[in-house]
Amino acid sequence: MQPPQTDIARALPQIAADILARVRRQGPRVHCITNSVAQELTANVLLAVNGLPSMTIAAAEIADFVDRADALLVNLGTLDNERRTAIGLALDRAGAKNRPWVLDPVLIDLSAPRTAFARTLAARNPTAIRLNAREFAALAQAEPEATALARFASERHCAIGLTGETDLVVDAVRRFGIANGHALMARITAMGCAASALVAACLAVEKDAFLASASALLIFGVAGEIAGEDAHGPGTFAAAFLDALYELDAGEIADRAEVK
Amino acid sequence: MQPPQTDIARALPQIAADILARVRRQGPRVHCITNSVAQELTANVLLAVNGLPSMTIAAAEIADFVDRADALLVNLGTLDNERRTAIGLALDRAGAKNRPWVLDPVLIDLSAPRTAFARTLAARNPTAIRLNAREFAALAQAEPEATALARFASERHCAIGLTGETDLVVDAVRRFGIANGHALMARITAMGCAASALVAACLAVEKDAFLASASALLIFGVAGEIAGEDAHGPGTFAAAFLDALYELDAGEIADRAEVK
Amino acid sequence: MQPPQTDIARALPQIAADILARVRRQGPRVHCITNSVAQELTANVLLAVNGLPSMTIAAAEIADFVDRADALLVNLGTLDNERRTAIGLALDRAGAKNRPWVLDPVLIDLSAPRTAFARTLAARNPTAIRLNAREFAALAQAEPEATALARFASERHCAIGLTGETDLVVDAVRRFGIANGHALMARITAMGCAASALVAACLAVEKDAFLASASALLIFGVAGEIAGEDAHGPGTFAAAFLDALYELDAGEIADRAEVK
């Protein structure tokens, strides 16, 4: 394991601000195969940064939508049959078109068939994976610490964003810890799912999956902190979060970033 | 193409206020076959004007729900198999019972099978169609300007509401431009879908599809303007929009209406 | 019919505060098979009290999720085929594992097949049923008054929470009327569905289904009253409601409870 790259860590706020500016300018299409609980918040997070979400899972349409998308999100939160079929078709097309894609293996620790399916997806070269510690443990059959993450990232040629109190972003050779965020983020549904969508939007404008993932999670965490200061509870937090993300500027990212 | 009917345009705010009052008093049931992303906001928009939404797509139930509904919304946003089947069954019943219905051909410009399906639906006599310029171009294979809209409306015996910076409402012989609204309306998901649901609610209480469509879009745009003044970004906008729609009165509609 | 138990009615606010404290401390998992319109609000209501929602309806997974859940919610709001299949599988497992479960027979008064299906579910020993007057009338083929409710509860060995202007909670021998709540609760979608999820969360920590149901509806109504004072309309109400539920304390419950 290499030591943390202090210089890149120091540069991340500026990199994130630049990637966010490109997302806002380019307005990437992100096709989201995501769980039905998370769809509205996910769409609104993408729209808040000028992304263009689409969410169909219909077999007859999915290839067309992936063709026109700049990135793809595959989230396993409510894995009904049509969604499962859609994922296969979407990944076939994403592979053919060389589209970046994010795997979000939601709650795979609770269901053996879902874990097995997630492993087959992890073997299909996701550009990035966003998950929590329990989900990583189930996916990789390893403790969710830095060495195991780096090994898994190396084997899969992907970036990994492991979110928690401190987010850990790794690829085969690099690692950031991001200590931004707010406790209320765990008190509204689909925040992790929406973070994965923002990773996908960043991948649409930035080829370095490690920097795109780290930028997305930094942006997400800083917006969460700002929202936490404005909110009176989880209900007002959700609205304040979208407002903060919409307004977020380079100065706020630089002032608040806690990257190491 | 006839010239804009200046007198009716001047009368629209009062007509819209009257139709809104009837919706609030009668509380029409609107059955919505709509995409999974838009369901919550759509239901809340209907409830804000005292409408009664229902949203099942189950083949065994859909006829019962359409029977008891005063209007039907058919939105193609996430066109999975069960939804597609439900649409056919619902239109059979709506035809038999002479229920007004609205077609919202979401994102048909992105998928050839969806465009083809939308054309078969447009041939089944929707009472009104609500869509954007790209969707009209795909549906009608024509440029989205006034003459083509009037021709399409005439052929289909329907009203068309084409939303954008200025909304254009046409039928075979009449035309309004409505310049209300707010930029944040494009930054939260499902606003167009919810506008279509409001068109359906207005059709439930007003037989003139042109006036019902124009009233719904005027009401929607004015509520959006008011919300835009109260909101700090897209998150607070969504809540402010429902509040504004709930409170909207004839005076605000008259003061703010920009109809020509 | 026994007379109302005045002493227990007087004790309910303290009982409800105690049950809420246990929910917050234990963080029960609640698996929700619920309609697609209600999923986000339902998840957020559970998270606001530190519950852990899951919502898959996939046949391959549902047994795993019910195994790991502390309670199950079965809501019939959008009863598509996969949801219907999931309900059967989930109840088989809930029965085998002796998990408490709540039936919410949404809008069964609008569809004969849905009524018939709800009756087969009511025969499978729900721990509690949460519904409105029209739904009770359809389910029990009886007028929704206290005697009929008690008889139905007695036959089904369950608690019943009938919500309306005054909520009525009954089991075979006990009865409470709860007069809390706010008019705006009827103006946003899925409030009843979310109340049923809170009943499930309370059943996860309290074996007395009557007290768990009454506590959930009292907590819900008091949070609604507080939110109604802060809100400007239905949009801000939804956020204020989650905030109020998140912050709710024993003193507010005691001060505001209107139980008889």
# chains A, B, ... in the order shown; residues from 1 in each chain; ligands from 1
>>> residues_around(residues="Ala63 in chain B", least_positions_apart="2", cutoff="9 Å", atoms="only C-alpha atoms", output="JSON, numbers by chain")
{"B": [59, 60, 61, 65, 66, 67, 68, 86, 89, 90, 92, 93, 94], "C": [111]}
>>> interface_residues(of="chain C", to="chain A", cutoff="9 Å", atoms="only C-alpha atoms", output="NGL selection string")
:C and (36-41 or 43-50 or 53-65 or 68 or 82 or 236 or 238-247)
>>> write_last_selection(atoms="N, CA and C atoms", output="tab-separated table (two decimals), in the first residue's frame")
chain	number	residue	atom	x	y	z
C	36	SER	N	-45.69	1.80	-5.22
C	36	SER	CA	-44.56	2.55	-5.73
C	36	SER	C	-44.70	4.05	-5.47
C	37	VAL	N	-45.89	4.55	-5.28
C	37	VAL	CA	-46.10	5.97	-5.00
C	37	VAL	C	-45.60	6.32	-3.59
C	38	ALA	N	-45.76	5.37	-2.68
C	38	ALA	CA	-45.54	5.63	-1.25
C	38	ALA	C	-44.13	5.29	-0.79
C	39	GLN	N	-43.30	4.72	-1.64
C	39	GLN	CA	-42.05	4.14	-1.15
C	39	GLN	C	-41.13	5.17	-0.50
C	40	GLU	N	-40.94	6.32	-1.14
C	40	GLU	CA	-39.97	7.28	-0.61
C	40	GLU	C	-40.43	7.84	0.73
C	41	LEU	N	-41.67	8.30	0.82
C	41	LEU	CA	-42.15	8.86	2.09
C	41	LEU	C	-42.13	7.79	3.19
C	43	ALA	N	-40.18	5.16	3.46
C	43	ALA	CA	-38.80	4.96	3.90
C	43	ALA	C	-38.35	6.11	4.79
C	44	ASN	N	-38.71	7.32	4.43
C	44	ASN	CA	-38.26	8.48	5.21
C	44	ASN	C	-38.94	8.56	6.58
C	45	VAL	N	-40.19	8.13	6.66
C	45	VAL	CA	-40.85	8.08	7.98
C	45	VAL	C	-40.14	7.06	8.86
C	46	LEU	N	-39.82	5.91	8.31
C	46	LEU	CA	-39.11	4.90	9.12
C	46	LEU	C	-37.74	5.41	9.54
C	47	LEU	N	-37.01	6.02	8.61
C	47	LEU	CA	-35.67	6.53	8.94
C	47	LEU	C	-35.75	7.66	9.98
C	48	ALA	N	-36.82	8.43	9.95
C	48	ALA	CA	-36.95	9.54	10.91
C	48	ALA	C	-37.03	9.04	12.34
C	49	VAL	N	-37.47	7.79	12.54
C	49	VAL	CA	-37.52	7.23	13.89
C	49	VAL	C	-36.42	6.17	14.08
C	50	ASN	N	-35.42	6.21	13.20
C	50	ASN	CA	-34.27	5.29	13.26
C	50	ASN	C	-34.60	3.86	12.86
C	53	PRO	N	-35.62	0.70	6.65
C	53	PRO	CA	-36.54	0.17	5.66
C	53	PRO	C	-35.82	-0.67	4.59
C	54	SER	N	-36.51	-1.69	4.09
C	54	SER	CA	-36.10	-2.34	2.84
C	54	SER	C	-37.38	-2.58	2.06
C	55	MET	N	-37.28	-2.66	0.72
C	55	MET	CA	-38.50	-2.60	-0.10
C	55	MET	C	-38.49	-3.52	-1.32
C	56	THR	N	-37.59	-4.47	-1.40
C	56	THR	CA	-37.59	-5.30	-2.60
C	56	THR	C	-38.86	-6.13	-2.70
C	57	ILE	N	-39.27	-6.42	-3.93
C	57	ILE	CA	-40.39	-7.32	-4.16
C	57	ILE	C	-39.97	-8.51	-5.04
C	58	ALA	N	-38.67	-8.68	-5.23
C	58	ALA	CA	-38.18	-9.75	-6.10
C	58	ALA	C	-38.38	-11.11	-5.42
C	59	ALA	N	-38.97	-12.04	-6.16
C	59	ALA	CA	-39.28	-13.35	-5.60
C	59	ALA	C	-38.03	-14.05	-5.07
C	60	ALA	N	-36.91	-13.86	-5.76
C	60	ALA	CA	-35.68	-14.55	-5.37
C	60	ALA	C	-35.11	-14.04	-4.05
C	61	GLU	N	-35.50	-12.85	-3.65
C	61	GLU	CA	-34.87	-12.20	-2.51
C	61	GLU	C	-35.77	-12.06	-1.29
C	62	ILE	N	-37.07	-12.07	-1.53
C	62	ILE	CA	-37.99	-11.58	-0.50
C	62	ILE	C	-37.87	-12.36	0.80
C	63	ALA	N	-37.67	-13.68	0.72
C	63	ALA	CA	-37.59	-14.47	1.95
C	63	ALA	C	-36.37	-14.05	2.78
C	64	ASP	N	-35.24	-13.80	2.11
C	64	ASP	CA	-34.05	-13.32	2.82
C	64	ASP	C	-34.32	-12.01	3.55
C	65	PHE	N	-35.01	-11.11	2.87
C	65	PHE	CA	-35.27	-9.81	3.49
C	65	PHE	C	-36.25	-9.92	4.65
C	68	ARG	N	-34.55	-11.21	7.81
C	68	ARG	CA	-33.72	-10.24	8.52
C	68	ARG	C	-34.53	-9.05	9.04
C	82	GLU	N	-45.87	-8.80	-9.78
C	82	GLU	CA	-44.70	-9.18	-9.01
C	82	GLU	C	-44.91	-8.87	-7.53
C	236	THR	N	-44.50	22.25	2.02
C	236	THR	CA	-43.69	22.44	3.23
C	236	THR	C	-44.18	21.53	4.36
C	238	ALA	N	-44.91	18.31	4.19
C	238	ALA	CA	-44.25	17.01	4.12
C	238	ALA	C	-42.89	17.05	4.80
C	239	ALA	N	-42.13	18.10	4.53
C	239	ALA	CA	-40.81	18.25	5.16
C	239	ALA	C	-40.96	18.50	6.66
C	240	ALA	N	-41.90	19.36	7.02
C	240	ALA	CA	-42.10	19.68	8.43
C	240	ALA	C	-42.55	18.45	9.21
C	241	PHE	N	-43.31	17.59	8.57
C	241	PHE	CA	-43.78	16.38	9.23
C	241	PHE	C	-42.61	15.46	9.59
C	242	LEU	N	-41.71	15.25	8.64
C	242	LEU	CA	-40.54	14.40	8.93
C	242	LEU	C	-39.68	15.03	10.02
C	243	ASP	N	-39.52	16.34	9.96
C	243	ASP	CA	-38.76	17.02	11.02
C	243	ASP	C	-39.42	16.83	12.39
C	244	ALA	N	-40.74	16.99	12.43
C	244	ALA	CA	-41.46	16.88	13.70
C	244	ALA	C	-41.35	15.46	14.26
C	245	LEU	N	-41.48	14.49	13.38
C	245	LEU	CA	-41.40	13.09	13.81
C	245	LEU	C	-40.01	12.78	14.34
C	246	TYR	N	-39.00	13.33	13.69
C	246	TYR	CA	-37.61	13.11	14.09
C	246	TYR	C	-37.34	13.70	15.47
C	247	GLU	N	-37.95	14.85	15.77
C	247	GLU	CA	-37.67	15.58	17.01
C	247	GLU	C	-38.64	15.25	18.14
>>> residues_around(residues="range 9-22 of chain B", least_positions_apart="2", cutoff="9 Å", atoms="only C-alpha atoms", output="PyMOL selection string")
chain B and resi 4-7+24-27+49+175-177+202+205-206+211-212+214-216+218-219+248-251+253-257+259-260
>>> write_last_selection(atoms="C-alpha atoms", output="JSON list (two decimals), in the first residue's frame")
[["chain", "number", "residue", "atom", "x", "y", "z"],
["B", 4, "PRO", "CA", -54.49, 34.50, -32.06],
["B", 5, "GLN", "CA", -57.88, 35.07, -30.44],
["B", 6, "THR", "CA", -57.02, 38.13, -28.40],
["B", 7, "ASP", "CA", -60.34, 38.22, -26.64],
["B", 24, "ARG", "CA", -61.29, 22.02, -6.03],
["B", 25, "ARG", "CA", -65.04, 21.70, -5.49],
["B", 26, "GLN", "CA", -65.61, 18.45, -7.43],
["B", 27, "GLY", "CA", -62.41, 16.66, -6.41],
["B", 49, "VAL", "CA", -55.96, 20.95, -6.02],
["B", 175, "ARG", "CA", -53.92, 29.05, -30.17],
["B", 176, "PHE", "CA", -52.49, 30.55, -26.97],
["B", 177, "GLY", "CA", -48.95, 31.33, -25.95],
["B", 202, "CYS", "CA", -59.06, 20.08, -15.68],
["B", 205, "VAL", "CA", -64.45, 19.29, -15.10],
["B", 206, "GLU", "CA", -64.33, 21.10, -18.47],
["B", 211, "LEU", "CA", -59.55, 25.71, -22.53],
["B", 212, "ALA", "CA", -58.88, 22.93, -20.02],
["B", 214, "ALA", "CA", -54.56, 26.14, -21.46],
["B", 215, "SER", "CA", -55.99, 26.67, -17.99],
["B", 216, "ALA", "CA", -53.92, 23.84, -16.52],
["B", 218, "LEU", "CA", -51.46, 28.73, -16.99],
["B", 219, "ILE", "CA", -52.19, 27.61, -13.41],
["B", 248, "LEU", "CA", -53.47, 29.91, -5.73],
["B", 249, "ASP", "CA", -56.35, 32.32, -6.18],
["B", 250, "ALA", "CA", -58.04, 34.10, -9.07],
["B", 251, "GLY", "CA", -56.31, 37.38, -8.27],
["B", 253, "ILE", "CA", -53.71, 34.20, -11.81],
["B", 254, "ALA", "CA", -55.08, 37.46, -13.23],
["B", 255, "ASP", "CA", -52.14, 39.55, -12.00],
["B", 256, "ARG", "CA", -49.46, 37.27, -13.33],
["B", 257, "ALA", "CA", -50.95, 35.72, -16.48],
["B", 259, "VAL", "CA", -51.19, 34.96, -22.31],
["B", 260, "LYS", "CA", -51.21, 35.97, -25.93]]
>>> select_by_dssp(residues="range 9-158 of chain C", states="strand (DSSP E)", output="VMD selection string")
chain C and resid 29 to 33 52 to 54 71 to 75 101 to 104 128 to 132
>>> closest_residue(among="A:His182, A:Pro100, A:Glu225, A:Asp171", to="Arg156 in chain A", atoms="only C-alpha atoms")
A:Asp171
>>> atom_distance(atom1="CA of Glu143 in chain A", atom2="CA of Leu203 in chain A")
26.8 Å
>>> residues_around(residues="range 32-34 of chain A", least_positions_apart="2", cutoff="6 Å", atoms="only C-alpha atoms", output="PyMOL selection string")
chain A and resi 55+72-75
>>> residues_around(residues="Ser154 in chain A", least_positions_apart="3", cutoff="9 Å", atoms="only C-alpha atoms", output="list of chain:residue names")
A:Leu149, A:Ala150, A:Arg151, A:His157, A:Cys158, A:Ala159, A:Asp171, A:Ala172, A:Val173
>>> closest_residue(among="C:Ala179, C:Leu217, C:Leu91, C:Ala223", to="Cys193 in chain C", atoms="only C-alpha atoms")
C:Leu217
>>> residues_around(residues="range 138-142 of chain C", least_positions_apart="5", cutoff="7 Å", atoms="only C-alpha atoms", output="list of chain:residue names")
C:Ile108, C:Asp109, C:Thr115, C:Ala118, C:Arg119, C:Ala148
>>> write_last_selection(atoms="C-alpha atoms", output="short mmCIF file (atom, residue, chain, number, x, y, z; two decimals), in the first residue's frame")
data_model
loop_
_atom_site.label_atom_id
_atom_site.label_comp_id
_atom_site.auth_asym_id
_atom_site.auth_seq_id
_atom_site.Cartn_x
_atom_site.Cartn_y
_atom_site.Cartn_z
CA ILE C 108 -59.81 -1.88 -1.99
CA ASP C 109 -63.18 -0.18 -2.24
CA THR C 115 -61.06 -6.56 -2.25
CA ALA C 118 -57.36 -8.31 0.71
CA ARG C 119 -59.85 -10.76 2.26
CA ALA C 148 -68.17 -4.10 13.79
#
>>> select_by_dssp(residues="range 13-139 of chain B", states="helix (DSSP H, G or I)", output="JSON, numbers by chain")
{"B": [13, 14, 15, 16, 17, 18, 19, 20, 21, 22, 23, 24, 25, 26, 39, 40, 41, 42, 43, 44, 45, 46, 47, 48, 62, 63, 64, 65, 66, 67, 81, 82, 83, 84, 85, 86, 87, 88, 89, 90, 91, 92, 93, 94, 95, 96, 97, 108, 109, 110, 112, 113, 114, 115, 116, 117, 118, 119, 120, 121, 122, 133, 134, 135, 136, 137, 138, 139]}
>>> write_last_selection(atoms="C-alpha atoms", output="mmCIF file, in the first residue's frame")
data_model
loop_
_atom_site.group_PDB
_atom_site.id
_atom_site.type_symbol
_atom_site.label_atom_id
_atom_site.label_comp_id
_atom_site.auth_asym_id
_atom_site.auth_seq_id
_atom_site.Cartn_x
_atom_site.Cartn_y
_atom_site.Cartn_z
ATOM 1 C CA PRO B 13 -57.134 33.949 -16.468
ATOM 2 C CA GLN B 14 -60.770 34.100 -15.408
ATOM 3 C CA ILE B 15 -61.573 30.852 -17.217
ATOM 4 C CA ALA B 16 -58.603 29.170 -15.538
ATOM 5 C CA ALA B 17 -59.653 30.435 -12.106
ATOM 6 C CA ASP B 18 -63.138 29.093 -12.724
ATOM 7 C CA ILE B 19 -61.872 25.689 -13.852
ATOM 8 C CA LEU B 20 -59.554 25.526 -10.830
ATOM 9 C CA ALA B 21 -62.492 26.310 -8.553
ATOM 10 C CA ARG B 22 -64.473 23.478 -10.127
ATOM 11 C CA VAL B 23 -61.574 21.044 -9.689
ATOM 12 C CA ARG B 24 -61.286 22.022 -6.029
ATOM 13 C CA ARG B 25 -65.043 21.699 -5.492
ATOM 14 C CA GLN B 26 -65.607 18.454 -7.428
ATOM 15 C CA GLN B 39 -45.610 9.162 -9.222
ATOM 16 C CA GLU B 40 -45.156 10.972 -5.909
ATOM 17 C CA LEU B 41 -44.994 14.515 -7.305
ATOM 18 C CA THR B 42 -47.884 13.772 -9.666
ATOM 19 C CA ALA B 43 -50.043 12.526 -6.806
ATOM 20 C CA ASN B 44 -49.126 15.549 -4.713
ATOM 21 C CA VAL B 45 -49.951 18.004 -7.496
ATOM 22 C CA LEU B 46 -53.381 16.403 -7.865
ATOM 23 C CA LEU B 47 -53.967 16.392 -4.105
ATOM 24 C CA ALA B 48 -52.914 20.056 -3.892
ATOM 25 C CA ILE B 62 -57.048 -1.262 -14.160
ATOM 26 C CA ALA B 63 -60.550 -1.381 -15.681
ATOM 27 C CA ASP B 64 -62.157 -0.945 -12.254
ATOM 28 C CA PHE B 65 -59.971 2.072 -11.526
ATOM 29 C CA VAL B 66 -60.634 3.710 -14.899
ATOM 30 C CA ASP B 67 -64.376 3.103 -14.414
ATOM 31 C CA ASN B 81 -44.156 -4.394 -19.926
ATOM 32 C CA GLU B 82 -46.839 -4.259 -17.265
ATOM 33 C CA ARG B 83 -47.302 -0.516 -17.811
ATOM 34 C CA ARG B 84 -47.585 -1.030 -21.570
ATOM 35 C CA THR B 85 -50.277 -3.683 -21.091
ATOM 36 C CA ALA B 86 -52.079 -1.468 -18.595
ATOM 37 C CA ILE B 87 -52.233 1.380 -21.092
ATOM 38 C CA GLY B 88 -54.059 -0.752 -23.656
ATOM 39 C CA LEU B 89 -56.585 -2.001 -21.113
ATOM 40 C CA ALA B 90 -57.110 1.470 -19.657
ATOM 41 C CA LEU B 91 -57.726 3.043 -23.068
ATOM 42 C CA ASP B 92 -60.210 0.325 -23.963
ATOM 43 C CA ARG B 93 -62.197 1.200 -20.868
ATOM 44 C CA ALA B 94 -61.757 4.950 -21.208
ATOM 45 C CA GLY B 95 -63.118 4.658 -24.755
ATOM 46 C CA ALA B 96 -66.088 2.565 -23.641
ATOM 47 C CA LYS B 97 -66.875 4.979 -20.815
ATOM 48 C CA ILE B 108 -40.050 9.442 -27.159
ATOM 49 C CA ASP B 109 -37.284 11.212 -29.062
ATOM 50 C CA LEU B 110 -34.775 8.873 -27.380
ATOM 51 C CA ALA B 112 -37.675 4.252 -31.685
ATOM 52 C CA PRO B 113 -39.962 1.613 -30.085
ATOM 53 C CA ARG B 114 -41.314 4.255 -27.728
ATOM 54 C CA THR B 115 -41.994 6.636 -30.618
ATOM 55 C CA ALA B 116 -43.820 3.894 -32.490
ATOM 56 C CA PHE B 117 -45.930 3.069 -29.455
ATOM 57 C CA ALA B 118 -46.727 6.750 -28.883
ATOM 58 C CA ARG B 119 -47.982 7.023 -32.468
ATOM 59 C CA THR B 120 -50.415 4.153 -31.939
ATOM 60 C CA LEU B 121 -51.671 5.941 -28.821
ATOM 61 C CA ALA B 122 -52.005 9.278 -30.611
ATOM 62 C CA ALA B 133 -40.738 20.375 -28.700
ATOM 63 C CA ARG B 134 -38.429 17.367 -29.220
ATOM 64 C CA GLU B 135 -41.225 14.965 -28.340
ATOM 65 C CA PHE B 136 -43.620 16.672 -30.773
ATOM 66 C CA ALA B 137 -41.038 16.485 -33.537
ATOM 67 C CA ALA B 138 -40.675 12.745 -32.953
ATOM 68 C CA LEU B 139 -44.411 12.127 -32.654
#
>>> decode(residues="range 241-254 of chain B", atoms="N, CA and C atoms", output="mmCIF file, in the first residue's frame")
data_model
loop_
_atom_site.group_PDB
_atom_site.id
_atom_site.type_symbol
_atom_site.label_atom_id
_atom_site.label_comp_id
_atom_site.auth_asym_id
_atom_site.auth_seq_id
_atom_site.Cartn_x
_atom_site.Cartn_y
_atom_site.Cartn_z
ATOM 1 N N PHE B 241 -43.674 25.032 -4.652
ATOM 2 C CA PHE B 241 -44.591 24.887 -5.778
ATOM 3 C C PHE B 241 -45.922 24.272 -5.332
ATOM 4 N N LEU B 242 -45.847 23.200 -4.544
ATOM 5 C CA LEU B 242 -47.089 22.575 -4.061
ATOM 6 C C LEU B 242 -47.863 23.539 -3.166
ATOM 7 N N ASP B 243 -47.138 24.285 -2.332
ATOM 8 C CA ASP B 243 -47.806 25.291 -1.493
ATOM 9 C C ASP B 243 -48.501 26.348 -2.349
ATOM 10 N N ALA B 244 -47.799 26.822 -3.382
ATOM 11 C CA ALA B 244 -48.375 27.876 -4.233
ATOM 12 C C ALA B 244 -49.609 27.372 -4.970
ATOM 13 N N LEU B 245 -49.532 26.149 -5.452
ATOM 14 C CA LEU B 245 -50.659 25.567 -6.180
ATOM 15 C C LEU B 245 -51.862 25.405 -5.255
ATOM 16 N N TYR B 246 -51.584 24.998 -4.040
ATOM 17 C CA TYR B 246 -52.639 24.799 -3.038
ATOM 18 C C TYR B 246 -53.349 26.119 -2.716
ATOM 19 N N GLU B 247 -52.589 27.206 -2.653
ATOM 20 C CA GLU B 247 -53.122 28.502 -2.217
ATOM 21 C C GLU B 247 -53.597 29.384 -3.368
ATOM 22 N N LEU B 248 -53.278 29.010 -4.589
ATOM 23 C CA LEU B 248 -53.468 29.906 -5.734
ATOM 24 C C LEU B 248 -54.888 30.447 -5.813
ATOM 25 N N ASP B 249 -55.010 31.755 -6.050
ATOM 26 C CA ASP B 249 -56.353 32.316 -6.184
ATOM 27 C C ASP B 249 -56.484 33.094 -7.503
ATOM 28 N N ALA B 250 -57.726 33.464 -7.793
ATOM 29 C CA ALA B 250 -58.044 34.104 -9.075
ATOM 30 C C ALA B 250 -57.257 35.392 -9.268
ATOM 31 N N GLY B 251 -57.042 36.120 -8.177
ATOM 32 C CA GLY B 251 -56.310 37.378 -8.273
ATOM 33 C C GLY B 251 -54.879 37.173 -8.725
ATOM 34 N N GLU B 252 -54.207 36.185 -8.140
ATOM 35 C CA GLU B 252 -52.827 35.907 -8.544
ATOM 36 C C GLU B 252 -52.754 35.465 -10.005
ATOM 37 N N ILE B 253 -53.716 34.644 -10.407
ATOM 38 C CA ILE B 253 -53.711 34.203 -11.808
ATOM 39 C C ILE B 253 -53.872 35.421 -12.724
ATOM 40 N N ALA B 254 -54.825 36.279 -12.395
ATOM 41 C CA ALA B 254 -55.077 37.461 -13.233
ATOM 42 C C ALA B 254 -53.872 38.397 -13.253
#
